[in-house]
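So the structure is just underneath, and the comments pick up after that.
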Amino acid sequence: MDLAIRDIKQHLGRFLATVVGIGLLFAIVLSMNGIYRGFVFEGLSLINITNPDLWVVERYRGGPINEQSILPEFFHYSVAAIPGVEKASPFIIYPVERHIAGESKRFTIIGYDVFTGLGGPKNFTAGRPITQAHYEAVAHQKLGLRLGQNFRLGLHTYTVVGLTKEGTSPDGEALLYLSLPDAQEVIWLPDNEEVRNQRLRVYQSLVRPGFFTPQEAEKYLSRYAIDMHRINAVLVRLAPGAQAKEVVRQIKDYLYLSVFTTPEQIEIMFKGRLDRPQRQLLLFRTLLLIVSVVIIAMVIFTLTMEKIRSIAVMKLIGAPNRVIIRLIMEQSILLTACSFFIGWIIIHNAYHLWPRLVLLTPGDDLTTLGLALTGGIIASLLGIWKALKTPPALALGEQ
Amino acid sequence: MTMAEILKVEGLNKTFGSGHLAVEALKGIDLTVNAGDLVALLGPSGSGKTTLLLSVSLILDPTGGKIWLDGETIYDHGWKEVDIRQLRLTKIGFIFQSRNLIPFLTALENVLLPLDLLGFERNEAHRRAMELLKYMEIDERAHYLPALMSGGEQQRVAIARALASAPKLVLADEPTGALDSVRGMKVMEMLKKIARENRTAVICVTHDERMIEGFDYIYRLKDGQISLSDNHG
């Protein structure tokens, strides 16, 4: 006779209410797992999608994703000249907040060499890559743009020629791919007032006493231009058989730049930008799991205490300890498993409502279930201990 | 101990506490109960009735003396190497004052429980449990939860459960204590019925002398000492 099931059947309403309550808690635990995974996935997604052999950045910088790095655009020619480099492409990554299609949106602009370069979009859900030097864009679905839609950005109007769903900035923001010159213009071109101010500052520095006459200063000023030929990194593909270590050494020694492989870039992200937030999330989900187990322990203990007289009766009529242990343990496992299942259903139907990626993996789900069941079993020990200590005389009204 | 003797108690003592705080609850109790005997234990509160019942039901450790159950020595100034729960399950049936049924089991399931513990095959256990409920004239309530039954009905289910393992000895602690006199008399009739028809020994603790009419032996307990009443049998 399955006493646990019979007890639950008689208190089905209360059991279901408890299961839903703890299930909601498990839904939060599972969502935290998904948020954690999504956080790490998004943090690394741009690195993984771009995936060059080497990332060349400004010296002593951990860029271009973990830290800002600025290089002159022509540096990619210098990198390309290093023996063992098959291809060196300029690359821009820059987070912005601009008006697109009438809405202010945060997104990250990726500028790359659209013809032969590295670092372009992958995994298209619709459309095609950029094939023209100007005014075409590939957008992440999150931006809410449609294929073929024209939108104004900076001084020009761009057409969405492709949509992707993979790859976001480390902050989970949508990526907007532009050709390198378009990206440079959108990112680096100051507005006219700023250009006028800069020219005035340069002019004033030139006409200081002992330097240039106003005529000479005007002459030099006509040669002055805002430098937009800047990039954040050079992406490198190595030639077949090239020794990465040697290429790295040469770039560092001769070009005075920092170089990272993609695994190193991932490590930099883990140790830098992702470190504290991911530890915080890990701590939070551990605490949630502990809270869930404590609540299960309290519920099981309460359920056991409610049955303590029945347990005494069972002992009195000769029920062995295993029957009593099974009653409590089975209820604990059922409560935990049903709650987990409710939580699992909730989160698997609601994960898309989160503003950032919630990445649910079967491995995490199973690990959480395993931990929850272990916790549930541990939680039932308190109830079992109390039940086994109960004297059968309690059934007769004796303590 | 003869074949007919189901329970024999010799010089049973029970002392609670020690030193000058010691309370002697049982003082050299001698008691023999044969198969089919209906024995009543009477006495005021604190006289030692329940202590005696708990001692012979292997729940409370006596301080000294001897206990035999169904021909087996189970206590001789200390418990013998016996499986006490198994003895309770197979040889003793219990009926208590109130709240003695497991509330989340139906009447039928309450009776099935000891049979299940004894390892009865499902259909056989069900057949036997229904027979017992019918014997106690409560079979029409087989699928009711205790909360939906009257006190008298619950007590009859408790008797059916106590008889499920065909015990040699039934111990009843104030079985009519929570019942009105009509229902109480009905329960007592049932106890007499099982003693007469099944040759089950019944020891019934009560304080209500009206309920023990027709009992074979009436013992009175006072200050931990037992005596056979003159008006027995």
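Order determines the names: the first chain of the structure tokens is A, the second B, and so forth; residues in each chain are numbered 1 upward, and ligands are numbered 1 upward as they are shown.
Proximity to chain B at a cut-off of 9 Å picks out Met1, Leu3, Arg6, Asp7, Ile8, Lys9, Gln10, His11, Lys307, Arg309, Ser310, Ile311, Val313, Met314, Lys315, Leu316, Ile317, Gly318, Ala319, Pro320, Val323, Pro391, Pro392, Ala393, Ala395, Leu396 and Gly397 of chain A on chain A, counting only C-alpha atoms.
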Selected residues, C-alpha atoms, written as a tab-separated table (two decimals), in the first residue's frame, please.
```tsv
chain	number	residue	atom	x	y	z
A	1	MET	CA	0.00	0.00	0.00
A	3	LEU	CA	0.80	5.47	2.04
A	6	ARG	CA	-2.88	7.99	-0.32
A	7	ASP	CA	-1.98	10.86	1.97
A	8	ILE	CA	-1.43	13.14	-1.01
A	9	LYS	CA	-4.74	12.06	-2.55
A	10	GLN	CA	-6.56	13.04	0.62
A	11	HIS	CA	-4.87	16.44	0.69
A	307	LYS	CA	1.03	12.80	10.63
A	309	ARG	CA	0.06	10.46	15.57
A	310	SER	CA	-0.63	8.32	12.51
A	311	ILE	CA	3.04	7.39	12.48
A	313	VAL	CA	-0.25	4.26	15.30
A	314	MET	CA	1.70	2.59	12.51
A	315	LYS	CA	4.57	1.88	14.87
A	316	LEU	CA	2.17	0.55	17.46
A	317	ILE	CA	0.58	-1.91	15.08
A	318	GLY	CA	4.05	-3.07	14.08
A	319	ALA	CA	4.99	-1.13	10.95
A	320	PRO	CA	8.75	-1.38	10.45
A	323	VAL	CA	7.49	1.82	5.91
A	391	PRO	CA	7.21	6.71	20.62
A	392	PRO	CA	4.39	4.30	19.68
A	393	ALA	CA	2.82	5.19	23.02
A	395	ALA	CA	-0.94	6.64	19.71
A	396	LEU	CA	-2.39	5.86	23.13
A	397	GLY	CA	-2.13	9.44	24.21
```
Sel. of strand (DSSP E or B) residues, region 1-226 of chain B, as JSON, numbers by chain: {"B": [5, 6, 7, 8, 9, 10, 11, 12, 13, 14, 15, 16, 23, 24, 25, 26, 27, 28, 29, 30, 31, 32, 33, 34, 38, 39, 40, 41, 42, 64, 65, 66, 67, 68, 69, 72, 73, 74, 75, 76, 79, 92, 93, 94, 95, 169, 170, 171, 172, 173, 201, 202, 203, 204, 205, 217, 218, 219, 220, 221, 222, 225, 226]}
- line: For Leu357 (chain A), the closest of A:Val161, A:Ala17, A:His76, A:Asp171 counting only C-alpha atoms is A:Asp171
task: Looking only at alpha helix (DSSP H) from DSSP on the backbone, list the matching residues of region 47-119 of chain B as a ChimeraX atom specification.
output: /B:49-56,84-91,107-117
task: Skip Ala201 (chain B) itself and residues of its chain fewer than 5 positions away, then list as number ranges by chain all residues within 6 Å of it, counting only C-alpha atoms.
output: B: 35-37, 169, 195
Atoms kept (N, CA, C and O atoms) for selection, written as a short mmCIF file (atom, residue, chain, number, x, y, z; two decimals), in the first residue's frame:
```cif
data_model
loop_
_atom_site.label_atom_id
_atom_site.label_comp_id
_atom_site.auth_asym_id
_atom_site.auth_seq_id
_atom_site.Cartn_x
_atom_site.Cartn_y
_atom_site.Cartn_z
N ALA B 35 -6.70 -17.93 26.17
CA ALA B 35 -7.39 -17.72 24.89
C ALA B 35 -8.88 -17.59 25.12
O ALA B 35 -9.47 -18.37 25.87
N GLY B 36 -9.47 -16.59 24.52
CA GLY B 36 -10.91 -16.39 24.63
C GLY B 36 -11.34 -15.67 25.89
O GLY B 36 -12.52 -15.37 26.07
N ASP B 37 -10.40 -15.33 26.77
CA ASP B 37 -10.75 -14.59 28.00
C ASP B 37 -11.10 -13.15 27.70
O ASP B 37 -10.45 -12.51 26.86
N LEU B 169 -4.04 -11.81 21.09
CA LEU B 169 -4.38 -10.92 22.20
C LEU B 169 -4.81 -9.56 21.65
O LEU B 169 -4.14 -9.01 20.77
N ALA B 195 -14.04 -12.37 21.22
CA ALA B 195 -13.48 -13.27 22.24
C ALA B 195 -14.16 -14.63 22.18
O ALA B 195 -13.51 -15.67 22.22
#
```
query: If you measure from CA of Ala101 (chain A) to CA of Thr164 (chain A), what distance in Å do you get, rounded to one decimal?
result: 18.2 Å
- prompt: When you draw a straight line from CA of Ile218 (chain B) to CA of Val182 (chain B), how long is it in Å?
  reply: 21.6 Å
